[in-house]
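Next comes data31.pdb, a file with PDB, C-alpha atoms.
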```pdb
ATOM      1  CA  MET A   1     -22.134 -13.634  32.691
ATOM      2  CA  THR A   2     -20.472 -16.975  33.384
ATOM      3  CA  SER A   3     -22.728 -19.864  34.319
ATOM      4  CA  PRO A   4     -21.827 -22.021  37.343
ATOM      5  CA  GLY A   5     -19.306 -24.704  36.428
ATOM      6  CA  THR A   6     -18.147 -23.016  33.212
ATOM      7  CA  THR A   7     -14.741 -21.525  32.496
ATOM      8  CA  PRO A   8     -14.801 -17.714  32.305
ATOM      9  CA  GLU A   9     -13.870 -16.204  28.958
ATOM     10  CA  PRO A  10     -10.271 -14.981  28.877
ATOM     11  CA  THR A  11      -9.609 -11.255  28.837
ATOM     12  CA  LEU A  12      -6.669  -9.233  27.575
ATOM     13  CA  ASP A  13      -5.520  -8.756  31.159
ATOM     14  CA  LEU A  14      -3.721 -12.057  30.534
ATOM     15  CA  LEU A  15      -1.403 -10.226  28.116
ATOM     16  CA  ALA A  16      -1.359  -6.753  29.626
ATOM     17  CA  ARG A  17       0.822  -4.841  32.025
ATOM     18  CA  PRO A  18      -0.758  -3.403  35.190
ATOM     19  CA  SER A  19      -1.222  -0.160  33.222
ATOM     20  CA  GLY A  20      -3.545  -1.925  30.804
ATOM     21  CA  GLY A  21      -1.048  -1.616  27.943
ATOM     22  CA  PHE A  22       0.943  -4.291  26.154
ATOM     23  CA  ALA A  23       4.727  -4.702  25.931
ATOM     24  CA  MET A  24       4.968  -8.111  24.300
ATOM     25  CA  VAL A  25       7.840  -9.976  22.652
ATOM     26  CA  ALA A  26       7.475 -11.649  19.258
ATOM     27  CA  MET A  27       9.689 -14.704  18.738
ATOM     28  CA  ASP A  28       7.739 -16.534  16.016
ATOM     29  CA  GLN A  29      10.044 -15.716  13.104
ATOM     30  CA  ARG A  30      11.028 -18.791  11.124
ATOM     31  CA  GLU A  31      12.762 -18.559   7.744
ATOM     32  CA  SER A  32      13.217 -14.834   8.328
ATOM     33  CA  LEU A  33      15.271 -15.630  11.437
ATOM     34  CA  ARG A  34      17.360 -18.033   9.383
ATOM     35  CA  GLN A  35      17.903 -15.188   6.899
ATOM     36  CA  MET A  36      19.035 -12.935   9.767
ATOM     37  CA  TYR A  37      21.569 -15.539  10.822
ATOM     38  CA  ALA A  38      22.879 -15.807   7.264
ATOM     39  CA  ALA A  39      23.276 -12.028   7.099
ATOM     40  CA  ALA A  40      25.037 -11.899  10.490
ATOM     41  CA  THR A  41      27.302 -14.930  10.180
ATOM     42  CA  GLY A  42      27.498 -15.782   6.484
ATOM     43  CA  GLU A  43      26.118 -19.246   7.247
ATOM     44  CA  ARG A  44      22.736 -20.858   6.750
ATOM     45  CA  VAL A  45      22.011 -22.383  10.153
ATOM     46  CA  GLY A  46      19.947 -25.432  11.009
ATOM     47  CA  ASP A  47      16.703 -25.732  12.930
ATOM     48  CA  GLU A  48      18.486 -26.448  16.201
ATOM     49  CA  VAL A  49      20.146 -23.014  16.102
ATOM     50  CA  LEU A  50      16.808 -21.281  15.581
ATOM     51  CA  THR A  51      15.263 -23.178  18.481
ATOM     52  CA  SER A  52      18.234 -22.429  20.726
ATOM     53  CA  PHE A  53      18.005 -18.717  19.931
ATOM     54  CA  LYS A  54      14.276 -18.607  20.650
ATOM     55  CA  LEU A  55      14.711 -20.394  23.961
ATOM     56  CA  ALA A  56      17.459 -17.963  24.958
ATOM     57  CA  VAL A  57      15.192 -15.003  24.182
ATOM     58  CA  ALA A  58      12.386 -16.617  26.176
ATOM     59  CA  ARG A  59      14.615 -17.177  29.186
ATOM     60  CA  GLU A  60      16.468 -13.870  29.197
ATOM     61  CA  VAL A  61      13.971 -11.395  27.729
ATOM     62  CA  GLY A  62      10.637 -13.155  28.198
ATOM     63  CA  PRO A  63      10.359 -12.389  31.940
ATOM     64  CA  TYR A  64      10.211  -8.651  31.124
ATOM     65  CA  GLY A  65       7.397  -8.891  28.563
ATOM     66  CA  SER A  66       3.696  -8.858  29.296
ATOM     67  CA  GLY A  67       3.283 -11.531  26.615
ATOM     68  CA  PHE A  68       5.491 -13.840  24.563
ATOM     69  CA  LEU A  69       4.750 -15.110  21.061
ATOM     70  CA  ILE A  70       6.417 -18.250  19.704
ATOM     71  CA  ASP A  71       5.727 -20.879  17.064
ATOM     72  CA  GLN A  72       5.129 -24.595  17.437
ATOM     73  CA  ASP A  73       8.060 -25.771  15.316
ATOM     74  CA  TYR A  74      10.820 -23.908  17.137
ATOM     75  CA  GLY A  75      10.201 -23.850  20.840
ATOM     76  CA  PHE A  76       6.581 -23.420  21.942
ATOM     77  CA  GLU A  77       6.435 -26.722  23.785
ATOM     78  CA  GLN A  78       9.780 -26.158  25.534
ATOM     79  CA  VAL A  79       8.877 -22.614  26.610
ATOM     80  CA  ALA A  80       5.491 -23.785  27.865
ATOM     81  CA  ALA A  81       6.995 -26.726  29.760
ATOM     82  CA  GLU A  82       9.693 -24.583  31.376
ATOM     83  CA  GLY A  83       7.292 -21.825  32.399
ATOM     84  CA  ALA A  84      10.027 -19.484  31.217
ATOM     85  CA  VAL A  85       7.749 -16.507  30.606
ATOM     86  CA  PRO A  86       5.522 -15.154  33.384
ATOM     87  CA  GLY A  87       3.457 -13.103  30.917
ATOM     88  CA  GLY A  88       0.805 -14.521  28.645
ATOM     89  CA  LEU A  89       2.018 -17.201  26.224
ATOM     90  CA  ILE A  90       0.864 -16.835  22.607
ATOM     91  CA  VAL A  91       1.130 -19.620  20.022
ATOM     92  CA  ALA A  92       1.541 -18.753  16.342
ATOM     93  CA  VAL A  93      -0.893 -20.676  14.139
ATOM     94  CA  ASP A  94       0.077 -19.281  10.741
ATOM     95  CA  SER A  95       1.568 -21.425   8.016
ATOM     96  CA  LEU A  96       3.901 -19.229   5.998
ATOM     97  CA  ARG A  97       4.426 -19.408   2.262
ATOM     98  CA  GLN A  98       7.840 -18.013   1.448
ATOM     99  CA  ASP A  99      10.953 -18.929  -0.469
ATOM    100  CA  PRO A 100      14.006 -19.741   1.700
ATOM    101  CA  ASP A 101      15.567 -16.341   1.011
ATOM    102  CA  GLY A 102      12.416 -14.328   0.357
ATOM    103  CA  PRO A 103       9.649 -12.552   2.262
ATOM    104  CA  VAL A 104       6.385 -14.133   3.370
ATOM    105  CA  GLU A 105       4.078 -14.048   0.346
ATOM    106  CA  ASP A 106       0.933 -15.624   1.777
ATOM    107  CA  THR A 107      -0.330 -17.389   4.886
ATOM    108  CA  GLY A 108      -2.994 -19.770   6.080
ATOM    109  CA  ILE A 109      -3.997 -21.526   9.277
ATOM    110  CA  ASP A 110      -1.544 -24.253  10.268
ATOM    111  CA  GLU A 111      -3.830 -27.229  10.820
ATOM    112  CA  ARG A 112      -1.108 -29.005  12.800
ATOM    113  CA  VAL A 113      -1.586 -26.607  15.711
ATOM    114  CA  ASP A 114      -4.089 -28.050  18.178
ATOM    115  CA  LEU A 115      -5.566 -25.032  19.919
ATOM    116  CA  ALA A 116      -7.044 -27.050  22.769
ATOM    117  CA  ALA A 117      -3.684 -28.726  23.400
ATOM    118  CA  ALA A 118      -1.904 -25.366  23.252
ATOM    119  CA  ARG A 119      -4.298 -23.970  25.822
ATOM    120  CA  ALA A 120      -3.771 -27.002  28.055
ATOM    121  CA  ALA A 121      -0.012 -26.458  27.752
ATOM    122  CA  GLY A 122      -0.337 -22.872  28.952
ATOM    123  CA  ALA A 123      -1.130 -20.669  25.961
ATOM    124  CA  VAL A 124      -3.641 -17.895  26.606
ATOM    125  CA  ALA A 125      -3.819 -16.663  23.002
ATOM    126  CA  ALA A 126      -3.123 -17.594  19.396
ATOM    127  CA  LYS A 127      -1.847 -15.349  16.607
ATOM    128  CA  LEU A 128      -2.478 -15.404  12.868
ATOM    129  CA  LEU A 129      -0.457 -13.351  10.396
ATOM    130  CA  LEU A 130      -2.477 -12.514   7.327
ATOM    131  CA  ILE A 131      -0.903 -10.973   4.224
ATOM    132  CA  TRP A 132      -3.472  -8.479   2.922
ATOM    133  CA  ARG A 133      -3.612  -7.523  -0.738
ATOM    134  CA  ASP A 134      -6.304  -5.874  -2.801
ATOM    135  CA  ASP A 135      -6.538  -8.720  -5.301
ATOM    136  CA  GLU A 136      -8.761 -11.649  -6.263
ATOM    137  CA  GLU A 137      -7.762 -13.540  -3.079
ATOM    138  CA  ARG A 138      -9.014 -10.834  -0.739
ATOM    139  CA  GLU A 139     -12.279 -12.595   0.127
ATOM    140  CA  ARG A 140     -10.517 -15.909   0.767
ATOM    141  CA  ARG A 141      -8.120 -14.267   3.180
ATOM    142  CA  LEU A 142     -10.976 -12.563   4.990
ATOM    143  CA  LYS A 143     -12.716 -15.911   5.446
ATOM    144  CA  THR A 144      -9.471 -17.389   6.799
ATOM    145  CA  ALA A 145      -9.205 -14.579   9.341
ATOM    146  CA  ALA A 146     -12.832 -15.004  10.405
ATOM    147  CA  GLU A 147     -12.311 -18.737  10.834
ATOM    148  CA  PHE A 148      -9.264 -18.068  13.003
ATOM    149  CA  VAL A 149     -11.207 -15.748  15.302
ATOM    150  CA  ARG A 150     -13.998 -18.310  15.561
ATOM    151  CA  ARG A 151     -11.637 -21.176  16.382
ATOM    152  CA  CYS A 152      -9.873 -19.200  19.093
ATOM    153  CA  ALA A 153     -13.149 -18.341  20.781
ATOM    154  CA  ALA A 154     -14.241 -21.971  20.649
ATOM    155  CA  ALA A 155     -10.954 -23.079  22.216
ATOM    156  CA  GLY A 156     -11.093 -20.486  25.005
ATOM    157  CA  LEU A 157      -8.130 -18.548  23.645
ATOM    158  CA  LEU A 158      -7.680 -14.866  22.901
ATOM    159  CA  SER A 159      -7.223 -14.107  19.201
ATOM    160  CA  VAL A 160      -4.408 -11.855  17.954
ATOM    161  CA  LEU A 161      -4.877 -11.023  14.280
ATOM    162  CA  GLU A 162      -1.963  -9.424  12.423
ATOM    163  CA  GLY A 163      -2.578  -7.748   9.093
ATOM    164  CA  VAL A 164       0.388  -6.942   6.850
ATOM    165  CA  ALA A 165      -0.556  -4.964   3.749
ATOM    166  CA  LYS A 166       1.423  -5.556   0.567
ATOM    167  CA  PRO A 167       0.863  -4.476  -3.030
ATOM    168  CA  ALA A 168      -0.960  -6.825  -5.361
ATOM    169  CA  ALA A 169       0.930  -8.279  -8.322
ATOM    170  CA  GLU A 170       1.507  -5.653 -10.968
ATOM    171  CA  GLU A 171       0.038  -2.940  -8.718
ATOM    172  CA  THR A 172       1.529   0.490  -9.275
ATOM    173  CA  GLY A 173       1.279   3.549  -7.065
ATOM    174  CA  PHE A 174       0.855   1.485  -3.904
ATOM    175  CA  ASP A 175      -0.292   3.728  -1.033
ATOM    176  CA  GLY A 176       1.131   2.015   2.043
ATOM    177  CA  PRO A 177      -0.663   3.985   4.793
ATOM    178  CA  ALA A 178      -4.001   3.721   2.987
ATOM    179  CA  ALA A 179      -3.537  -0.032   2.505
ATOM    180  CA  ILE A 180      -2.619  -0.483   6.182
ATOM    181  CA  ARG A 181      -5.826   1.334   7.122
ATOM    182  CA  GLU A 182      -7.959  -0.699   4.720
ATOM    183  CA  ALA A 183      -6.459  -3.958   5.984
ATOM    184  CA  ALA A 184      -7.135  -2.861   9.566
ATOM    185  CA  ARG A 185     -10.692  -1.768   8.796
ATOM    186  CA  GLU A 186     -11.486  -5.107   7.198
ATOM    187  CA  LEU A 187      -9.629  -7.456   9.536
ATOM    188  CA  ALA A 188     -10.125  -5.697  12.880
ATOM    189  CA  GLY A 189     -13.794  -5.481  11.891
ATOM    190  CA  LEU A 190     -13.926  -9.239  12.470
ATOM    191  CA  ARG A 191     -13.492  -8.424  16.163
ATOM    192  CA  PRO A 192     -10.396 -10.363  17.163
ATOM    193  CA  SER A 193      -9.395  -9.894  20.790
ATOM    194  CA  LEU A 194      -6.418  -7.799  19.661
ATOM    195  CA  TYR A 195      -5.306  -6.391  16.315
ATOM    196  CA  LYS A 196      -1.613  -6.137  15.416
ATOM    197  CA  ALA A 197      -0.862  -3.385  12.910
ATOM    198  CA  GLN A 198       2.084  -2.183  10.864
ATOM    199  CA  VAL A 199       3.573   1.183  11.719
ATOM    200  CA  PRO A 200       2.533   3.590   8.929
ATOM    201  CA  LEU A 201       5.401   4.857   6.761
ATOM    202  CA  GLY A 202       7.735   2.411   8.481
ATOM    203  CA  GLY A 203       8.099   4.938  11.276
ATOM    204  CA  ALA A 204      10.513   6.914   9.085
ATOM    205  CA  THR A 205       8.855  10.277   9.507
ATOM    206  CA  PRO A 206       8.667  13.018  12.168
ATOM    207  CA  GLU A 207       6.709  11.873  15.186
ATOM    208  CA  GLU A 208       3.901  14.405  14.758
ATOM    209  CA  LYS A 209       3.313  13.224  11.176
ATOM    210  CA  LEU A 210       3.346   9.645  12.398
ATOM    211  CA  LEU A 211       0.872  10.610  15.105
ATOM    212  CA  GLU A 212      -1.501  11.898  12.400
ATOM    213  CA  GLU A 213      -1.209   8.664  10.421
ATOM    214  CA  CYS A 214      -1.729   6.525  13.512
ATOM    215  CA  ALA A 215      -4.781   8.580  14.481
ATOM    216  CA  LEU A 216      -6.313   7.802  11.086
ATOM    217  CA  LEU A 217      -5.549   4.146  11.677
ATOM    218  CA  ASP A 218      -7.079   4.259  15.146
ATOM    219  CA  GLU A 219     -10.340   5.561  13.673
ATOM    220  CA  VAL A 220     -10.950   2.361  11.698
ATOM    221  CA  ILE A 221      -9.988  -0.174  14.395
ATOM    222  CA  PRO A 222     -12.864  -1.100  16.729
ATOM    223  CA  VAL A 223     -10.805  -3.311  19.074
ATOM    224  CA  PRO A 224      -7.625  -2.800  21.118
ATOM    225  CA  TRP A 225      -4.541  -2.708  18.892
ATOM    226  CA  VAL A 226      -0.771  -2.807  19.036
ATOM    227  CA  VAL A 227       2.039  -2.189  16.566
ATOM    228  CA  LEU A 228       4.680  -4.550  15.220
ATOM    229  CA  SER A 229       8.279  -3.650  14.492
ATOM    230  CA  GLN A 230       8.977  -5.316  11.141
ATOM    231  CA  GLY A 231       9.933  -2.707   8.562
ATOM    232  CA  VAL A 232      10.882  -0.129  11.210
ATOM    233  CA  GLU A 233      14.502   0.741  11.948
ATOM    234  CA  ARG A 234      15.379  -0.334  15.468
ATOM    235  CA  ASP A 235      16.285   3.203  16.550
ATOM    236  CA  ASP A 236      12.991   4.558  15.168
ATOM    237  CA  PHE A 237      10.796   2.076  16.976
ATOM    238  CA  PRO A 238      10.478   3.787  20.390
ATOM    239  CA  ALA A 239       9.131   6.960  18.743
ATOM    240  CA  SER A 240       6.832   4.806  16.618
ATOM    241  CA  VAL A 241       5.408   3.126  19.698
ATOM    242  CA  ARG A 242       4.977   6.483  21.431
ATOM    243  CA  ALA A 243       3.173   7.996  18.432
ATOM    244  CA  ALA A 244       0.904   4.970  18.025
ATOM    245  CA  CYS A 245       0.038   4.961  21.724
ATOM    246  CA  ARG A 246      -0.624   8.716  21.717
ATOM    247  CA  ALA A 247      -3.033   8.068  18.853
ATOM    248  CA  GLY A 248      -4.933   5.314  20.661
ATOM    249  CA  ALA A 249      -2.902   2.108  20.409
ATOM    250  CA  SER A 250      -2.474  -0.046  23.490
ATOM    251  CA  GLY A 251       1.188  -0.922  23.036
ATOM    252  CA  MET A 252       3.315  -3.237  20.959
ATOM    253  CA  LEU A 253       4.082  -6.843  20.078
ATOM    254  CA  ALA A 254       7.570  -6.704  18.595
ATOM    255  CA  GLY A 255      10.589  -8.862  17.945
ATOM    256  CA  ARG A 256      13.229  -7.421  15.627
ATOM    257  CA  ALA A 257      13.337  -4.046  17.389
ATOM    258  CA  ILE A 258      14.242  -5.836  20.609
ATOM    259  CA  TRP A 259      16.660  -8.621  19.703
ATOM    260  CA  SER A 260      17.716  -8.488  16.026
ATOM    261  CA  ASP A 261      21.207  -7.106  16.679
ATOM    262  CA  VAL A 262      22.208 -10.019  18.924
ATOM    263  CA  VAL A 263      21.589 -12.678  16.259
ATOM    264  CA  GLY A 264      24.840 -14.590  15.771
ATOM    265  CA  GLU A 265      26.513 -13.293  18.930
ATOM    266  CA  PRO A 266      28.691 -15.965  20.602
ATOM    267  CA  ASP A 267      27.629 -15.062  24.153
ATOM    268  CA  LEU A 268      23.974 -14.771  23.340
ATOM    269  CA  ALA A 269      22.540 -14.772  26.868
ATOM    270  CA  ALA A 270      24.871 -11.991  28.003
ATOM    271  CA  GLN A 271      24.069  -9.843  24.967
ATOM    272  CA  LEU A 272      20.348 -10.335  25.429
ATOM    273  CA  ARG A 273      20.700  -9.131  29.012
ATOM    274  CA  ALA A 274      22.931  -6.216  28.018
ATOM    275  CA  ARG A 275      21.018  -4.966  24.969
ATOM    276  CA  SER A 276      17.589  -6.510  24.577
ATOM    277  CA  VAL A 277      16.328  -6.378  28.147
ATOM    278  CA  PRO A 278      17.007  -2.627  28.560
ATOM    279  CA  ARG A 279      15.323  -1.991  25.208
ATOM    280  CA  LEU A 280      12.206  -3.874  26.236
ATOM    281  CA  ARG A 281      12.100  -2.144  29.610
ATOM    282  CA  SER A 282      12.379   1.244  27.902
ATOM    283  CA  LEU A 283       9.562   0.355  25.497
ATOM    284  CA  ALA A 284       7.444  -0.840  28.410
ATOM    285  CA  ALA A 285       7.916   2.529  30.104
ATOM    286  CA  ILE A 286       6.648   4.257  26.944
ATOM    287  CA  VAL A 287       3.640   1.945  26.909
ATOM    288  CA  ASP A 288       2.885   2.634  30.565
ATOM    289  CA  GLU A 289       3.002   6.388  29.992
ATOM    290  CA  TYR A 290       1.206   6.749  26.666
ATOM    291  CA  ALA A 291      -0.789   3.628  25.773
ATOM    292  CA  ARG A 292      -4.566   3.541  25.877
ATOM    293  CA  PRO A 293      -5.531   0.838  28.400
ATOM    294  CA  TRP A 294      -7.139  -1.988  26.477
ATOM    295  CA  ASN A 295     -10.277  -2.031  28.620
ATOM    296  CA  THR A 296     -11.123   1.614  27.904
ATOM    297  CA  ARG A 297     -11.688   1.019  24.190
TER     298      ARG A 297
END
```
File written out as C-alpha cells:
Amino acid sequence: MTSPGTTPEPTLDLLARPSGGFAMVAMDQRESLRQMYAAATGERVGDEVLTSFKLAVAREVGPYGSGFLIDQDYGFEQVAAEGAVPGGLIVAVDSLRQDPDGPVEDTGIDERVDLAAARAAGAVAAKLLLIWRDDEERERRLKTAAEFVRRCAAAGLLSVLEGVAKPAAEETGFDGPAAIREAARELAGLRPSLYKAQVPLGGATPEEKLLEECALLDEVIPVPWVVLSQGVERDDFPASVRAACRAGASGMLAGRAIWSDVVGEPDLAAQLRARSVPRLRSLAAIVDEYARPWNTR
C-alpha cells in the first residue's frame, strides 16, 4: 500500500498492451548492428549511422510497440526528448564485452547509466543482458543480476533481466534447452519485474515440440516472461512467439525479427513502414490472442 505523498511502485502495465501481453521492440543492439550494416552494405559504418537507424525505428515502428528498448550511447536521450514512442521506454544498462566482429562474450552493469536521470527523462524500466555460463564466473554473474534488480527497485524503475545461455569454454555436449532453463531458473528466481528468455532450439522445430520446450521453461520462471528473437530465423519467429505464449509467456521483446532486413536500405523510413510495422502488428495480434496476461501470473 502506498503511503500518502509517496510515488506508487511502477507496474508492468507501463509496458503492456490492453490485453496484458507485451509486444515490445528491442533497439539496443550496438556492435551487432554495425556488423549487420557491414553484411548488408559491405561497409563498416560510423556511430552516426547507428544512431540514425535507431531513431528511424523509434519514429516509424516505436508507436506500434507496447514498449521500446534503446541504449544510452545511440539514441536514448533523443528518443526520450522527442517522445517518439507512446509505449513504455526502456533503457539498456548493460556494458557489452565483444570484439568488433564477434558475439557478446560477457556483460556487466554500465556505471555510466544514471537510473534516476533515465527515469526523470521518461524511462519506465531498465534492461540488463546477462551472458549465462556454467563456469567459475557463475556466482559473480548472479550477484551482478541481483544488484541490477535492487538498483532498479531503488530508482523506481521496472527491471527487465535477459539471460542468454552459452557454453562454457571447452564445454562439450552443450544442451541448449537445458541451459536456457537453468539460466531462467537462477536469474528469474531473483524476481525481476520481467524475464526475457531465449526461444528454445532457436525456434527451428515443429510448433508442438516448441510448445513442450516452452512449457518446461515456463515451469521454472516465477515472474512474467517474454521471448527474444536473436538466434531465430525471422520467418520462424511468429510461430515461436505463439508457442511461447501458449505455454505461459506474456509476449515478446524483439528486434531482429522486426527490422533486420531493412538495415542498409536507402529509403529506410518507407521500408520500415512497409515491412517492419506490419510484422510488429502481426506479432501483437498473436500476443493478444495467446499470451498470458502478466498480472495473472
For CA of Pro206 (chain A) and CA of Glu219 (chain A), the interatomic separation in Å (one decimal): 20.5 Å
Distance of CA of Ser193 (chain A) from CA of Ile109 (chain A), expressed in Å to one decimal place: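 For CA of Ile109 (chain A) relative to CA of Ser193 (chain A), the distance reads 17.2 Å.
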Nearest to Gln230 (chain A), chosen from A:Gly88, A:Pro103, A:Pro177, A:Gly62, with all atoms listed in the file counted in the distances: A:Pro103
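The gap separating CA of Pro222 (chain A) from CA of Ala257 (chain A) is 26.4 Å, in Å to one decimal.
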Resolved residues for the PyMOL selection byres ((chain A and resi 151-161) around 8) as a PyMOL selection string: chain A and resi 9-12+115-116+119+123-130+145+147-150+162-163+187-188+192-196
